[in-house]
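Enquirer: Provided herewith is a single structure, encoded as structure tokens, for subsequent inquiry.
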Amino acid sequence: MPANRYSPYATPDQQVRKLQEELYSLRRAIVELMPDDISNALSDYGSCKSYREYAEWKRKTVDFIISKAEVDPQASHFEERGWCPLCKGGTRGPYQSGFKIPGGMEKHLMGDGNASQCVVTKAAFDMARDALSDEFEAEEEAARREVEERRRTEQTLLTDPALQPQLFDERQWWNKPRPADALRAAEERLRNLNFEKEVGENVIAYKLWHEGRLVLADPRTVGRITFRVFNSEKPKKGSKQASFHLLDSWKNNLAEKFQGLLAEACKTLPKQK
């Protein structure tokens with residue numbers, strides 16, 4: 001019979017500590033399997049003293065990894081596509097292969113939206129977050145209290161019906177918020193896409209209904225509008241959603257591009273009852 005992994009006399013706290021040590025070792029081993037320059041980048045979080053610095057480190061690291069991605073000519077029929085430099089993952093379908101560079105690769109490495117996150121960056125980022133938790137736990141608590149107070153008095157945006165509305169600079173750690181004139185231009189673009197602007201006491205929502213699904217627009221970030229698609233107006237917290245974006249630099253056939261991206265996003269959601 002195999003030996004017991006843990007002493008029968010170990011307390012629950014000791015067993016938890018042992019599991020945490022094993023999890024750290026596994027994450028560390030995954031990172032160290034990478035080439036030295038990538039392994040070093042994924043481990044260079046020691047100077048982070050706040051969650052903002054942690055988020056900036058993640059962004060810098062992802063940009064560095066994307067710079068290592070190679071375009072696969074066989075997968076790049078209409079756009080540059082390639083495979084993840086770390087896990088070698090990517091779409092393997094009859095019409096598309098790999099990830100779009102840089103957008104699709106970025107979502108994969110960050111685990112954004114409905115993307116399946118790279119196992120290597122997940123291990124590295126989770127390891128860094130756990131190691132830094134004591135560093136910025138107090139800062140996060142103070143920031144949470146400040147955000148809650150600001151939400152009561154400042155204008156907010158509905159980005160997910162299952163969550164609290166967000167401030168216009170909330171969770172914009174590495175992105176630059178739009179100034180007022182650029183926000184007006186984004187609102188005009190949304191009107192042209194048939195979005196309606198709903199204004200409550202201090203909550204704004206940009207809404208579009210598409211085949212019974214709710215689409216919420218998030219124009220807070222300079223250079224892009226992010227769209228999130230939900231199966232209902234009152235989804236359960238954590239229920240599946242889809243997301244995509246339009247860049248401000250896109251000018252031609254915008255409505256057609258939007259409809260195409262929306263249709264693809266809807267395909268990833270569970271069928272409506």
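We label chains A, B, ... in the order they appear in the structure tokens, count residues from 1 in each chain, and number ligands from 1 in the order shown.
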Determine, counting only C-alpha atoms, which protein, DNA and RNA residues have an atom within 8 Å of an atom of Arg129 of chain A; residues of the same chain fewer than 4 positions away are not included. Present the result as a VMD selection string.

Expert: chain A and resid 54 125 133

Enquirer: Skipping near chain neighbours, those fewer than 4 positions away, what residues fall within 10 Å of Leu247 of chain A using only C-alpha atoms, listed as a count of residues only?

Expert: 7

Enquirer: Contacts between segment 161-166 of chain A and segment 94-150 of chain A, please, where a residue of segment 94-150 of chain A counts if it comes within 12 Å (with only C-alpha atoms); show its shortest atom pair and distance in Å to one decimal, rows by chain and ascending number, as a Markdown table.

Expert:
```
| residue | atom | partner | partner_atom | distance |
| --- | --- | --- | --- | --- |
| A:Val147 | CA | A:Gln166 | CA | 8.9 |
| A:Glu148 | CA | A:Gln166 | CA | 9.9 |
| A:Arg150 | CA | A:Gln166 | CA | 9.9 |
```

Enquirer: Taking only segment 89-188 of chain A into account, list the residues labelled strand (DSSP E or B) by DSSP (computed from the backbone), as JSON, numbers by chain.

Expert: {"A": [91, 92, 97, 98, 99, 100, 156, 157, 166, 167, 177]}

Enquirer: Near Leu190 of chain A, within 12 Å and counting only C-alpha atoms, which residues show up once chain neighbours fewer than 2 positions away are dropped, as a compact mmCIF listing (two decimals) with C-alpha atoms, in the first residue's frame?

Expert:
```
# COMPACT_ATOMS: atom_id res chain seq x y z
CA LEU A 183 -16.04 59.74 -24.04
CA ARG A 184 -18.52 61.86 -26.01
CA ALA A 185 -17.05 60.50 -29.25
CA ALA A 186 -17.40 56.94 -27.93
CA GLU A 187 -21.03 57.62 -27.00
CA GLU A 188 -21.71 58.83 -30.53
CA ASN A 192 -24.65 54.68 -34.31
CA LEU A 193 -24.57 51.01 -33.26
CA ASN A 194 -28.10 51.40 -31.79
CA PHE A 195 -27.06 51.36 -28.14
CA GLU A 196 -29.28 53.21 -25.70
CA LYS A 197 -27.84 55.22 -22.83
CA ALA A 205 -25.55 51.92 -18.71
CA TYR A 206 -25.04 51.57 -22.47
CA LYS A 207 -27.42 48.79 -23.50
CA LEU A 208 -28.35 46.86 -26.61
CA VAL A 215 -25.07 43.62 -24.52
CA LEU A 216 -23.37 46.16 -22.24
CA ALA A 217 -20.78 48.57 -23.62
CA ASP A 218 -17.81 49.78 -21.58
CA PRO A 219 -16.19 52.84 -23.23
CA ARG A 224 -11.30 50.81 -27.40
CA ILE A 225 -14.86 50.01 -26.42
CA THR A 226 -15.36 46.68 -24.68
CA PHE A 227 -18.65 44.79 -25.05
CA LEU A 246 -13.92 47.60 -31.11
CA ASP A 248 -11.28 53.50 -31.93
CA LEU A 254 -18.02 49.47 -38.29
CA ALA A 255 -21.60 48.20 -38.04
CA PHE A 258 -19.67 44.86 -34.75
```

Enquirer: To one decimal place, how far is atom CA of Asn202 of chain A from atom CA of Asp169 of chain A in Å?

Expert: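 Rounded to one decimal, the two atoms are 14.8 Å apart.
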
Enquirer: Looking only at alpha helix (DSSP H) from DSSP on the backbone, list the matching residues of segment 12-259 of chain A as a PyMOL selection string.

Expert: chain A and resi 12-32+36-43+51-68+103-110+119-153+180-192+254-259

Enquirer: Calculated over only C-alpha atoms, which of the candidates A:Leu33, A:Ala180, A:Lys88, A:Pro102 has the smallest distance to Asp63 of chain A?

Expert: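 Going through A:Leu33, A:Ala180, A:Lys88, A:Pro102 one by one, the smallest distance to Asp63 of chain A is for A:Pro102.
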
Enquirer: If you count only C-alpha atoms, which residues fall within 6 Å of Ala242 of chain A, apart from same-chain ones fewer than 2 positions away, as a ChimeraX atom specification?

Expert: /A:114,228-229,265

Enquirer: Restricting the calculation to only C-alpha atoms, which member of A:Pro73, A:Ala115, A:Val203, A:Glu233 is positioned closest to Thr153 of chain A?

Expert: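 Checking each of A:Pro73, A:Ala115, A:Val203, A:Glu233 against Thr153 of chain A, counting only C-alpha atoms, the winner is A:Val203.
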
Enquirer: Give the answer as one residue: which of A:Arg213, A:Lys257, A:Arg151, A:Lys122 has the shortest atom-to-atom distance to Val62 of chain A, using only C-alpha atoms?

Expert: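 Of A:Arg213, A:Lys257, A:Arg151, A:Lys122, the one nearest Val62 of chain A is A:Lys122, counting only C-alpha atoms.
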
Enquirer: What does the distance from atom CA of Arg220 of chain A to atom CA of Leu167 of chain A come to in Å, to one decimal?

Expert: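 Interatomic distance here is 9.3 Å.
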
Enquirer: When you look at Tyr51 of chain A with a cut-off of 12 Å (counting only C-alpha atoms), what residues show up, excluding the ones that are within fewer than 6 positions of it in the same chain? I need them as a ChimeraX atom specification.

Expert: /A:45,57-58,128-130,132-144,171-174

Enquirer: Quick one: residues within 8 Å of Tyr24 of chain A, only C-alpha atoms counted, chain neighbours fewer than 4 positions away excluded, as a ChimeraX atom specification?

Expert: /A:20,28,127

Enquirer: Could you tell me how far atom CA of Glu70 of chain A sits from atom CA of Tyr95 of chain A, in Å to one decimal place?

Expert: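 Atom CA of Tyr95 of chain A sits 19.2 Å away from atom CA of Glu70 of chain A.
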
Enquirer: Give the answer as one residue: which of A:Leu269, A:Gly238, A:Asp126, A:Asp72 has the shortest atom-to-atom distance to Leu214 of chain A, using only C-alpha atoms?

Expert: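 The shortest atom-to-atom distance to Leu214 of chain A comes from A:Leu269.
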